[in-house]
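Notes to accompany the following structure.
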Amino acid sequence: MTAQPRRLDLHSIRAATVAAVLAGALAGCAPGGDGELQARVDAVFADYASADGPGCSLGVIRDGRLIHAAGYGAANLDYGIPNGPATIYRIASVSKQFTAGAVALLALRGEVDLDAPVQRYLPDFPDYADPPTVRHLIHHTSGVRDYLGLFTLAGNRSEDFITNRDILDAIMRQRELNFFPGSEYLYSNSGYVLLAEIVARVTGRSLRAFARAEFFDPVGMPRTHFHDDHNEVVPDRATGYSPTEDGFRIDMTTLDVVGDGGIYTSVEEWPAWDRNLTEGTVGGPEWVALMHQRGVLTSGDTIPYAFGLSHGEHRGLATVGHSGSWVGYRTGMSRYPAAGYSFVALCNRSRIDPMALIRSTAEIYLEDAMDPPEDVADEEPAAEEEAAEAGPAEEDAEGDDALDAPPDRGIPNRSRFAGSFYSPELDAMYWIEEEGSAGLTLRVGRRDPVALVAEADGQLTTEDGPTFRFSELAGGRYEAMVVDAGRVRNLRFARTEG
């Protein structure tokens with residue numbers, strides 16, 4: 001029998017918020033008070049409602065007030081603790097709007113120039129001939145390589161301990177951008193780590209301390225924080241999980257880095273932030289307008305991505321939202337400004353699509369205001385990712401699988417490729433070794449060896465992984481190669497053997 005979701009009651013939310021939530025419901029703010037409507041929402045989350053598996057918390061907000069909230073599935077499988085409105089989740093790249101919001105606040109105060117080169121605030125940033133600006137970082141148009149891709153290519157695994165200093169060092173080692181700043185949109189978590197560092201150097205406070213003083217305390221989000229210490233105890237925290245063949249495994253992170261992700265929050269506290277995105281209690285109307293300002297490419301084209309928020313459309317209604325994906329967490333938020341509704345879904349199970357759950361929930365509440373589904377093609381927010389803290393969602397999980405591939409054979413002239421290659425930007429050595437009668441394998445860092453596949457003359461790849469382009473053939477061997485892997489382009493290696 002399917003377990004029933006937990007609803008708003010005195011046991012599932014903190015006493016300080018109960019009166020406000022119930023007052024909203026009793027005031028008839030409600031489709032949330034409609035039992036039939038709630039049953040339809042429960043059906044959307046039915047696959048994640050069992051107490052035997054992790055699931056989600058859902059919040060429906062109208063005009064800044066939480067009108068419906070529910071928890072589905074377990075927050076912790078060890079102790080059978082259910083998800084609820086007060087459950088605290090790591091929200092992955094949904095965090096980016098808070099980082100961008102901090103920079104926007106500093107820009108309006110005259111402490112940060114959005115159109116200044118990054119190097120003005122971070123003197124150790126590489127001296128590129130065409131330097132990216134702070135604004136480029138915000139809109140993912142900087143060309144700065146994604147650090148999650150870099151660390152994966154260097155042979156690291158998602159469970160390896162990496163410090164903020166490690167990530168900044170990796171970014172500062174780069175000597176090439178993915179593209180000319182402003183010419184393209186390409187999601188990069190590196191940009192938001194750099195923004196966090198800019199906030200810290202300009203204000204003399206960590207991003208966590210700045211956000212606490214400038215946003216969370218003033219708007220009333222006492223438990224929301226940038227989680228910059230993975231050993232810190234967080235009451236009511238949902239454990240992240242990933243499915244296995246016979247159940248679930250804990251899927252958490254030791255990453256202490258914040259900026260591209262790292263916010264911990266709950267459905268019950270989210271309405272305070274939602275109101276600020278409309279009313280500008282902190283920042284005023286100028287801040288609200290700046291947060292929604294889309295990026296513009298050098299071509300003159302406007303992109304959907306704004307300040308940690310992405311503009312989209314759902315069956316004729318304009319939306320603003322973002323998704324997040326990192327280890328065992330999948331999260332999403334979407335606002336429908338014209339309708340006055342917002343939706344947030346925070347989940348502690350990978351392989352959940354929270355944005356799809358949000359869309360289905362929005363269709364229940366807003367179906368009368370929407371275009372018929374057969375008459376319009378929905379446009380998804382161009383965020384994440386992400387999948388990465390993600391996007392490392394895909395957060396960025398995309399990086400985790402970049403070097404995983406099944407064996408292959410049939411590569412001609414294998415000796416041309418075999419040998420060791422080093423990249424100073426990655427600070428990593430690649431070993432390409434002959435295996436069997438016709439195969440090559442790649443070894444790097446702590447990752448298991450993977451098979452290389454012939455893609456074209458002088459070009460190898462792994463299934464669904466990076467592309468390796470070889471050049472400078474001398475003495476029957478390739479002396480150089482360039483690696484392309486999603487959010488990392490043109491990473492150069494040279495042969496190290498004599």
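Chain identifiers are assigned as A, B, and so on, following the order in which chains appear in the structure tokens; residues are numbered from 1 within each chain, and ligands are numbered from 1 in order of appearance.
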
ask   = Residues of stretch 150-235 of chain A in helix (DSSP H, G or I) according to DSSP, as an MDAnalysis selection string?
value = chainID A and resid 150:153 164:173 189:203 207:219

Test item: residues at most 9 Å from A:Ala170, only C-alpha atoms, excluding those fewer than 5 positions along its chain, as a PyMOL selection string = chain A and resi 147+150-151+165+425-427

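By only C-alpha atoms, and with residues fewer than 3 positions from A:Tyr336 along its chain excluded, the set lying at most 10 Å from it is A:Arg62, A:Gly312, A:Glu313, A:His314, A:Leu317, A:Ala318, A:Thr319, A:Val320, A:Gly321, A:Ala339, A:Gly340, A:Tyr341, A:Ser342, A:Phe343, A:Ala362, A:Leu366.
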
Mind writing the picked residues with all heavy atoms as a compact mmCIF listing (two decimals), in the first residue's frame?
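Okay, again28.txt is ready:
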# COMPACT_ATOMS: atom_id res chain seq x y z
N ARG A 62 1.41 31.25 -3.16
CA ARG A 62 0.61 32.21 -3.89
C ARG A 62 0.75 33.57 -3.23
O ARG A 62 0.55 33.70 -2.03
CB ARG A 62 -0.86 31.81 -3.94
CG ARG A 62 -1.66 32.69 -4.91
CD ARG A 62 -3.07 32.21 -5.13
NE ARG A 62 -3.95 32.64 -4.05
CZ ARG A 62 -5.27 32.46 -4.05
NH1 ARG A 62 -5.85 31.82 -5.06
NH2 ARG A 62 -6.01 32.87 -3.04
N GLY A 312 11.72 31.34 -18.87
CA GLY A 312 11.18 30.31 -19.74
C GLY A 312 9.70 30.52 -19.96
O GLY A 312 9.14 31.60 -19.69
N GLU A 313 9.04 29.48 -20.44
CA GLU A 313 7.61 29.56 -20.72
C GLU A 313 6.99 28.18 -20.50
O GLU A 313 7.61 27.16 -20.79
CB GLU A 313 7.38 30.01 -22.15
CG GLU A 313 5.91 30.23 -22.50
CD GLU A 313 5.73 30.70 -23.93
OE1 GLU A 313 5.81 29.83 -24.82
OE2 GLU A 313 5.51 31.90 -24.15
N HIS A 314 5.78 28.16 -19.99
CA HIS A 314 5.07 26.90 -19.77
C HIS A 314 3.62 27.09 -20.19
O HIS A 314 2.87 27.79 -19.54
CB HIS A 314 5.17 26.50 -18.29
CG HIS A 314 4.48 25.21 -17.98
ND1 HIS A 314 4.19 24.82 -16.69
CD2 HIS A 314 4.02 24.19 -18.78
CE1 HIS A 314 3.58 23.66 -16.69
NE2 HIS A 314 3.47 23.26 -17.95
N LEU A 317 2.43 30.66 -20.25
CA LEU A 317 2.73 31.49 -19.08
C LEU A 317 4.24 31.66 -18.95
O LEU A 317 5.00 30.69 -19.02
CB LEU A 317 2.17 30.84 -17.81
CG LEU A 317 0.66 30.73 -17.69
CD1 LEU A 317 0.29 30.06 -16.38
CD2 LEU A 317 -0.01 32.11 -17.78
N ALA A 318 4.67 32.89 -18.72
CA ALA A 318 6.09 33.15 -18.50
C ALA A 318 6.51 32.58 -17.15
O ALA A 318 5.76 32.65 -16.17
CB ALA A 318 6.35 34.66 -18.53
N THR A 319 7.71 32.00 -17.12
CA THR A 319 8.25 31.43 -15.90
C THR A 319 9.65 31.96 -15.63
O THR A 319 10.34 32.43 -16.55
CB THR A 319 8.32 29.89 -15.97
OG1 THR A 319 9.22 29.53 -17.04
CG2 THR A 319 6.95 29.28 -16.22
N VAL A 320 10.05 31.90 -14.37
CA VAL A 320 11.42 32.19 -13.98
C VAL A 320 11.82 31.12 -12.98
O VAL A 320 11.12 30.92 -11.98
CB VAL A 320 11.55 33.58 -13.31
CG1 VAL A 320 13.01 33.86 -12.95
CG2 VAL A 320 11.03 34.68 -14.22
N GLY A 321 12.90 30.40 -13.24
CA GLY A 321 13.25 29.31 -12.34
C GLY A 321 14.67 28.84 -12.47
O GLY A 321 15.50 29.46 -13.16
N ALA A 339 0.73 34.99 -12.79
CA ALA A 339 -0.32 34.30 -12.05
C ALA A 339 -0.16 34.46 -10.54
O ALA A 339 -1.08 34.13 -9.78
CB ALA A 339 -0.33 32.82 -12.40
N GLY A 340 1.00 34.95 -10.08
CA GLY A 340 1.23 35.11 -8.66
C GLY A 340 1.56 33.81 -7.94
O GLY A 340 1.49 33.75 -6.71
N TYR A 341 1.91 32.77 -8.68
CA TYR A 341 2.20 31.47 -8.08
C TYR A 341 3.68 31.12 -8.23
O TYR A 341 4.33 31.49 -9.21
CB TYR A 341 1.38 30.37 -8.76
CG TYR A 341 0.01 30.16 -8.18
CD1 TYR A 341 -1.05 30.97 -8.56
CD2 TYR A 341 -0.22 29.15 -7.24
CE1 TYR A 341 -2.32 30.78 -8.03
CE2 TYR A 341 -1.48 28.95 -6.71
CZ TYR A 341 -2.54 29.76 -7.10
OH TYR A 341 -3.78 29.57 -6.57
N SER A 342 4.18 30.38 -7.24
CA SER A 342 5.51 29.81 -7.30
C SER A 342 5.46 28.39 -6.76
O SER A 342 4.61 28.07 -5.92
CB SER A 342 6.51 30.63 -6.46
OG SER A 342 6.60 31.96 -6.93
N PHE A 343 6.38 27.58 -7.23
CA PHE A 343 6.43 26.17 -6.83
C PHE A 343 7.88 25.80 -6.55
O PHE A 343 8.79 26.21 -7.27
CB PHE A 343 5.87 25.27 -7.94
CG PHE A 343 4.48 25.63 -8.35
CD1 PHE A 343 4.25 26.60 -9.33
CD2 PHE A 343 3.38 25.02 -7.76
CE1 PHE A 343 2.96 26.95 -9.71
CE2 PHE A 343 2.08 25.35 -8.13
CZ PHE A 343 1.88 26.32 -9.11
N ALA A 362 2.02 22.66 -11.32
CA ALA A 362 1.54 23.96 -11.80
C ALA A 362 0.33 23.81 -12.70
O ALA A 362 -0.59 24.65 -12.68
CB ALA A 362 2.67 24.68 -12.53
N LEU A 366 -2.94 25.95 -12.21
CA LEU A 366 -3.05 27.04 -13.17
C LEU A 366 -3.64 26.61 -14.51
O LEU A 366 -3.55 27.35 -15.49
CB LEU A 366 -1.66 27.65 -13.41
CG LEU A 366 -0.95 28.20 -12.18
CD1 LEU A 366 0.46 28.66 -12.52
CD2 LEU A 366 -1.74 29.35 -11.55

ask   = So which residues touch A:Ser323 within 6 Å, counting only C-alpha atoms, skipping near sequence neighbours fewer than 3 positions away, as a ChimeraX atom specification?
value = /A:94,331-332

query = Can you list, as a list in words, every protein, DNA or RNA residue that comes within 8 Å of A:Glu434 when you count only C-alpha atoms, leaving out same-chain residues fewer than 3 positions away?
reply =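 After dropping sequence-adjacent residues, the list is Arg414, Ser415, Ala418, Ala438, Gly439, Leu440 and Thr441 of chain A.
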
inquiry  = List the spatial neighbours of A:Ala474 as a PyMOL selection string - criterion: any atom at most 12 Å away, only C-alpha atoms, same-chain residues fewer than 2 positions off excluded.
reply    = chain A and resi 416-417+470-472+476-480+495+498

May I have the selected residues written with N, CA, C and O atoms, as a PDB file, in the first residue's frame?
ATOM      1  N   ARG A 416      51.048   4.690 -32.179  1.00  0.00           N
ATOM      2  CA  ARG A 416      51.106   6.151 -32.373  1.00  0.00           C
ATOM      3  C   ARG A 416      50.557   6.896 -31.158  1.00  0.00           C
ATOM      4  O   ARG A 416      50.995   7.988 -30.824  1.00  0.00           O
ATOM      5  N   PHE A 417      49.555   6.295 -30.519  1.00  0.00           N
ATOM      6  CA  PHE A 417      48.869   6.954 -29.408  1.00  0.00           C
ATOM      7  C   PHE A 417      49.496   6.629 -28.061  1.00  0.00           C
ATOM      8  O   PHE A 417      49.450   7.449 -27.129  1.00  0.00           O
ATOM      9  N   PHE A 470      44.579  14.150 -31.558  1.00  0.00           N
ATOM     10  CA  PHE A 470      46.033  14.026 -31.546  1.00  0.00           C
ATOM     11  C   PHE A 470      46.652  14.760 -32.738  1.00  0.00           C
ATOM     12  O   PHE A 470      46.053  14.841 -33.820  1.00  0.00           O
ATOM     13  N   SER A 471      47.865  15.292 -32.528  1.00  0.00           N
ATOM     14  CA  SER A 471      48.543  16.033 -33.596  1.00  0.00           C
ATOM     15  C   SER A 471      50.059  15.922 -33.408  1.00  0.00           C
ATOM     16  O   SER A 471      50.540  15.298 -32.462  1.00  0.00           O
ATOM     17  N   GLU A 472      50.783  16.556 -34.314  1.00  0.00           N
ATOM     18  CA  GLU A 472      52.247  16.615 -34.267  1.00  0.00           C
ATOM     19  C   GLU A 472      52.857  15.210 -34.284  1.00  0.00           C
ATOM     20  O   GLU A 472      53.574  14.801 -33.376  1.00  0.00           O
ATOM     21  N   GLY A 476      56.761   8.445 -35.778  1.00  0.00           N
ATOM     22  CA  GLY A 476      55.733   7.424 -35.698  1.00  0.00           C
ATOM     23  C   GLY A 476      54.829   7.530 -34.483  1.00  0.00           C
ATOM     24  O   GLY A 476      54.031   6.617 -34.234  1.00  0.00           O
ATOM     25  N   ARG A 477      54.926   8.648 -33.725  1.00  0.00           N
ATOM     26  CA  ARG A 477      54.090   8.806 -32.538  1.00  0.00           C
ATOM     27  C   ARG A 477      53.489  10.214 -32.493  1.00  0.00           C
ATOM     28  O   ARG A 477      54.110  11.182 -32.949  1.00  0.00           O
ATOM     29  N   TYR A 478      52.302  10.294 -31.924  1.00  0.00           N
ATOM     30  CA  TYR A 478      51.692  11.611 -31.711  1.00  0.00           C
ATOM     31  C   TYR A 478      52.347  12.276 -30.500  1.00  0.00           C
ATOM     32  O   TYR A 478      52.496  11.667 -29.440  1.00  0.00           O
ATOM     33  N   GLU A 479      52.706  13.549 -30.658  1.00  0.00           N
ATOM     34  CA  GLU A 479      53.407  14.270 -29.608  1.00  0.00           C
ATOM     35  C   GLU A 479      52.504  15.185 -28.785  1.00  0.00           C
ATOM     36  O   GLU A 479      52.925  15.695 -27.741  1.00  0.00           O
ATOM     37  N   ALA A 480      51.268  15.410 -29.235  1.00  0.00           N
ATOM     38  CA  ALA A 480      50.378  16.322 -28.519  1.00  0.00           C
ATOM     39  C   ALA A 480      48.937  15.858 -28.693  1.00  0.00           C
ATOM     40  O   ALA A 480      48.603  15.174 -29.671  1.00  0.00           O
ATOM     41  N   ARG A 495      53.215  15.040 -24.947  1.00  0.00           N
ATOM     42  CA  ARG A 495      53.860  13.786 -24.587  1.00  0.00           C
ATOM     43  C   ARG A 495      55.042  14.058 -23.673  1.00  0.00           C
ATOM     44  O   ARG A 495      55.786  15.033 -23.872  1.00  0.00           O
ATOM     45  N   GLY A 498      60.741  10.799 -23.867  1.00  0.00           N
ATOM     46  CA  GLY A 498      61.771  11.210 -24.800  1.00  0.00           C
ATOM     47  C   GLY A 498      61.684  10.492 -26.132  1.00  0.00           C
ATOM     48  O   GLY A 498      60.940   9.569 -26.301  1.00  0.00           O
TER      49      GLY A 498
END

ask   = Which distance in Å separates atom CA of A:Ala116 and atom CA of A:Val258, to one decimal?
value =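 Those two atoms sit 22.6 Å apart.
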
task = For each of A:Ala74, A:Ala102, A:Thr239, A:Leu186, take the minimum atom-to-atom distance to A:Val288, counting only C-alpha atoms, then give the residue where this is smallest.
result =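 Of all the options, A:Ala102 lies closest to A:Val288.
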
Taking only stretch 75-312 of chain A into account, list the residues labelled strand (DSSP E or B) by DSSP (computed from the backbone), as a compact mmCIF listing (two decimals) with all heavy atoms, in the first residue's frame.
# COMPACT_ATOMS: atom_id res chain seq x y z
N ALA A 75 13.19 11.15 4.65
CA ALA A 75 14.36 12.02 4.73
C ALA A 75 15.58 11.24 5.15
O ALA A 75 16.71 11.56 4.77
CB ALA A 75 14.10 13.15 5.73
N ASN A 76 15.37 10.19 5.95
CA ASN A 76 16.47 9.36 6.43
C ASN A 76 15.99 7.92 6.54
O ASN A 76 15.06 7.62 7.29
CB ASN A 76 16.95 9.86 7.79
CG ASN A 76 18.16 9.09 8.30
OD1 ASN A 76 18.03 7.97 8.76
ND2 ASN A 76 19.33 9.71 8.20
N ILE A 81 12.79 8.48 9.17
CA ILE A 81 12.30 9.85 9.36
C ILE A 81 11.70 10.35 8.05
O ILE A 81 12.36 10.31 7.01
CB ILE A 81 13.44 10.79 9.80
CG1 ILE A 81 14.04 10.30 11.12
CG2 ILE A 81 12.95 12.22 9.92
CD1 ILE A 81 15.31 11.01 11.52
N PRO A 82 10.45 10.80 8.07
CA PRO A 82 9.80 11.21 6.81
C PRO A 82 10.20 12.61 6.37
O PRO A 82 10.63 13.45 7.18
CB PRO A 82 8.31 11.17 7.17
CG PRO A 82 8.28 11.47 8.63
CD PRO A 82 9.52 10.85 9.21
N ILE A 88 15.35 19.93 5.80
CA ILE A 88 16.40 20.75 5.19
C ILE A 88 17.10 19.95 4.09
O ILE A 88 17.55 18.83 4.31
CB ILE A 88 17.43 21.18 6.24
CG1 ILE A 88 16.78 22.02 7.35
CG2 ILE A 88 18.58 21.95 5.59
CD1 ILE A 88 16.33 23.39 6.92
N TYR A 89 17.19 20.55 2.91
CA TYR A 89 17.83 19.92 1.75
C TYR A 89 18.99 20.77 1.26
O TYR A 89 18.96 22.01 1.33
CB TYR A 89 16.85 19.80 0.58
CG TYR A 89 15.67 18.91 0.80
CD1 TYR A 89 14.54 19.38 1.49
CD2 TYR A 89 15.64 17.60 0.31
CE1 TYR A 89 13.43 18.57 1.68
CE2 TYR A 89 14.54 16.79 0.49
CZ TYR A 89 13.43 17.27 1.18
OH TYR A 89 12.33 16.48 1.36
N ARG A 90 19.98 20.10 0.70
CA ARG A 90 20.99 20.80 -0.11
C ARG A 90 20.35 21.05 -1.47
O ARG A 90 19.91 20.12 -2.14
CB ARG A 90 22.24 19.93 -0.26
CG ARG A 90 23.39 20.66 -0.94
CD ARG A 90 24.60 19.74 -1.12
NE ARG A 90 25.75 20.48 -1.62
CZ ARG A 90 26.80 20.83 -0.91
NH1 ARG A 90 26.88 20.48 0.36
NH2 ARG A 90 27.80 21.51 -1.45
N PRO A 117 36.63 43.83 -15.47
CA PRO A 117 37.23 42.50 -15.62
C PRO A 117 37.36 41.81 -14.27
O PRO A 117 37.57 42.46 -13.23
CB PRO A 117 38.60 42.79 -16.24
CG PRO A 117 38.87 44.22 -15.93
CD PRO A 117 37.56 44.91 -15.85
N THR A 133 34.30 39.55 -17.78
CA THR A 133 33.87 40.49 -16.75
C THR A 133 33.04 39.77 -15.69
O THR A 133 32.66 38.61 -15.84
CB THR A 133 33.01 41.60 -17.36
OG1 THR A 133 31.78 41.03 -17.86
CG2 THR A 133 33.75 42.31 -18.50
N HIS A 225 21.24 28.54 5.00
CA HIS A 225 22.63 28.96 5.06
C HIS A 225 23.43 28.35 3.91
O HIS A 225 23.05 27.33 3.33
CB HIS A 225 23.27 28.56 6.39
CG HIS A 225 23.39 27.07 6.58
ND1 HIS A 225 22.34 26.27 6.97
CD2 HIS A 225 24.46 26.22 6.41
CE1 HIS A 225 22.73 25.02 7.06
NE2 HIS A 225 24.01 24.95 6.71
N PHE A 226 24.54 29.00 3.60
CA PHE A 226 25.55 28.41 2.72
C PHE A 226 26.36 27.43 3.57
O PHE A 226 27.00 27.83 4.53
CB PHE A 226 26.46 29.47 2.11
CG PHE A 226 25.94 30.08 0.85
CD1 PHE A 226 25.43 31.38 0.84
CD2 PHE A 226 25.97 29.39 -0.34
CE1 PHE A 226 24.95 31.95 -0.33
CE2 PHE A 226 25.50 29.95 -1.52
CZ PHE A 226 24.99 31.24 -1.52
N ARG A 237 18.07 17.58 8.56
CA ARG A 237 18.62 17.45 7.20
C ARG A 237 18.19 16.14 6.55
O ARG A 237 18.24 15.07 7.15
CB ARG A 237 20.15 17.52 7.24
CG ARG A 237 20.80 17.15 5.92
CD ARG A 237 22.27 17.48 5.84
NE ARG A 237 23.04 17.13 7.02
CZ ARG A 237 24.34 17.38 7.15
NH1 ARG A 237 25.00 17.99 6.18
NH2 ARG A 237 24.97 17.05 8.24
N TYR A 241 20.34 10.28 -1.48
CA TYR A 241 20.42 8.87 -1.84
C TYR A 241 20.43 8.71 -3.36
O TYR A 241 19.88 9.53 -4.09
CB TYR A 241 19.23 8.08 -1.29
CG TYR A 241 19.13 8.03 0.21
CD1 TYR A 241 18.35 8.96 0.90
CD2 TYR A 241 19.81 7.06 0.93
CE1 TYR A 241 18.25 8.91 2.29
CE2 TYR A 241 19.72 7.01 2.32
CZ TYR A 241 18.94 7.94 3.00
OH TYR A 241 18.85 7.89 4.36
N SER A 242 21.03 7.59 -3.79
CA SER A 242 20.94 7.16 -5.19
C SER A 242 20.44 5.72 -5.23
O SER A 242 20.80 4.92 -4.37
CB SER A 242 22.30 7.26 -5.88
OG SER A 242 22.65 8.61 -6.11
N PRO A 243 19.63 5.39 -6.24
CA PRO A 243 19.11 4.02 -6.33
C PRO A 243 20.21 3.02 -6.66
O PRO A 243 21.18 3.33 -7.34
CB PRO A 243 18.10 4.11 -7.48
CG PRO A 243 17.83 5.57 -7.67
CD PRO A 243 19.07 6.27 -7.27
N THR A 244 20.04 1.79 -6.16
CA THR A 244 20.89 0.66 -6.52
C THR A 244 19.98 -0.46 -6.99
O THR A 244 18.75 -0.32 -7.01
CB THR A 244 21.71 0.17 -5.31
OG1 THR A 244 20.82 -0.32 -4.30
CG2 THR A 244 22.54 1.30 -4.74
N GLY A 247 18.00 -1.41 -3.74
CA GLY A 247 17.56 -0.40 -2.79
C GLY A 247 18.19 0.95 -3.06
O GLY A 247 18.14 1.46 -4.18
N PHE A 248 18.81 1.51 -2.03
CA PHE A 248 19.43 2.83 -2.14
C PHE A 248 20.76 2.85 -1.40
O PHE A 248 20.98 2.09 -0.46
CB PHE A 248 18.51 3.91 -1.54
CG PHE A 248 17.19 4.04 -2.24
CD1 PHE A 248 16.08 3.33 -1.82
CD2 PHE A 248 17.06 4.88 -3.34
CE1 PHE A 248 14.87 3.44 -2.47
CE2 PHE A 248 15.85 5.00 -4.00
CZ PHE A 248 14.75 4.27 -3.57
N ARG A 249 21.62 3.74 -1.84
CA ARG A 249 22.88 4.00 -1.15
C ARG A 249 22.96 5.48 -0.81
O ARG A 249 22.42 6.33 -1.54
CB ARG A 249 24.08 3.58 -2.00
CG ARG A 249 24.26 4.43 -3.24
CD ARG A 249 25.44 3.95 -4.09
NE ARG A 249 26.70 4.13 -3.42
CZ ARG A 249 27.42 5.26 -3.47
NH1 ARG A 249 26.97 6.31 -4.15
NH2 ARG A 249 28.57 5.35 -2.85
N ILE A 250 23.60 5.79 0.30
CA ILE A 250 23.80 7.19 0.68
C ILE A 250 24.71 7.85 -0.36
O ILE A 250 25.73 7.30 -0.75
CB ILE A 250 24.42 7.29 2.09
CG1 ILE A 250 23.41 6.79 3.13
CG2 ILE A 250 24.84 8.72 2.40
CD1 ILE A 250 23.98 6.68 4.53
N ILE A 263 23.68 25.89 -0.74
CA ILE A 263 22.62 26.37 0.14
C ILE A 263 21.87 25.18 0.74
O ILE A 263 21.53 24.23 0.04
CB ILE A 263 21.63 27.28 -0.62
CG1 ILE A 263 22.25 28.66 -0.85
CG2 ILE A 263 20.30 27.41 0.12
CD1 ILE A 263 22.20 29.58 0.34
N TYR A 264 21.59 25.27 2.03
CA TYR A 264 20.70 24.35 2.72
C TYR A 264 19.45 25.14 3.13
O TYR A 264 19.56 26.19 3.77
CB TYR A 264 21.36 23.78 3.97
CG TYR A 264 22.20 22.55 3.73
CD1 TYR A 264 23.22 22.55 2.77
CD2 TYR A 264 22.01 21.39 4.47
CE1 TYR A 264 23.99 21.42 2.56
CE2 TYR A 264 22.79 20.27 4.27
CZ TYR A 264 23.78 20.28 3.32
OH TYR A 264 24.55 19.17 3.10
N THR A 265 18.28 24.64 2.75
CA THR A 265 17.05 25.33 3.10
C THR A 265 15.88 24.35 3.09
O THR A 265 16.08 23.16 2.82
CB THR A 265 16.79 26.51 2.14
OG1 THR A 265 15.73 27.33 2.67
CG2 THR A 265 16.38 26.04 0.76
N VAL A 296 23.15 39.31 -22.46
CA VAL A 296 23.15 39.67 -23.88
C VAL A 296 24.51 39.28 -24.47
O VAL A 296 25.55 39.66 -23.94
CB VAL A 296 22.89 41.17 -24.09
CG1 VAL A 296 22.92 41.52 -25.58
CG2 VAL A 296 21.56 41.59 -23.47
N THR A 302 19.72 38.01 -26.93
CA THR A 302 19.44 37.93 -25.50
C THR A 302 19.24 36.47 -25.13
O THR A 302 18.55 35.72 -25.82
CB THR A 302 18.18 38.74 -25.15
OG1 THR A 302 18.40 40.11 -25.50
CG2 THR A 302 17.86 38.65 -23.67
N TYR A 305 19.14 33.25 -19.48
CA TYR A 305 19.73 33.24 -18.14
C TYR A 305 19.94 34.65 -17.62
O TYR A 305 20.54 35.50 -18.29
CB TYR A 305 21.06 32.48 -18.15
CG TYR A 305 21.41 31.90 -16.80
CD1 TYR A 305 21.01 30.62 -16.45
CD2 TYR A 305 22.12 32.64 -15.86
CE1 TYR A 305 21.32 30.09 -15.20
CE2 TYR A 305 22.43 32.13 -14.62
CZ TYR A 305 22.03 30.85 -14.30
OH TYR A 305 22.33 30.33 -13.05
N SER A 310 16.51 31.67 -14.60
CA SER A 310 16.39 31.52 -16.04
C SER A 310 14.94 31.71 -16.47
O SER A 310 14.03 31.13 -15.88
CB SER A 310 16.88 30.14 -16.47
OG SER A 310 17.02 30.07 -17.88
N HIS A 311 14.76 32.54 -17.49
CA HIS A 311 13.42 32.81 -18.01
C HIS A 311 12.99 31.69 -18.94
O HIS A 311 13.78 31.14 -19.71
CB HIS A 311 13.41 34.14 -18.79
CG HIS A 311 13.65 35.33 -17.93
ND1 HIS A 311 12.61 36.06 -17.37
CD2 HIS A 311 14.80 35.93 -17.51
CE1 HIS A 311 13.11 37.07 -16.67
NE2 HIS A 311 14.44 37.01 -16.73
N GLY A 312 11.72 31.34 -18.87
CA GLY A 312 11.18 30.31 -19.74
C GLY A 312 9.70 30.52 -19.96
O GLY A 312 9.14 31.60 -19.69

remark   = Across A:Phe468, A:Leu346, A:Gln459, A:Asn156, the smallest distance to A:Trp270, with only C-alpha atoms counted, is shown by A:Leu346
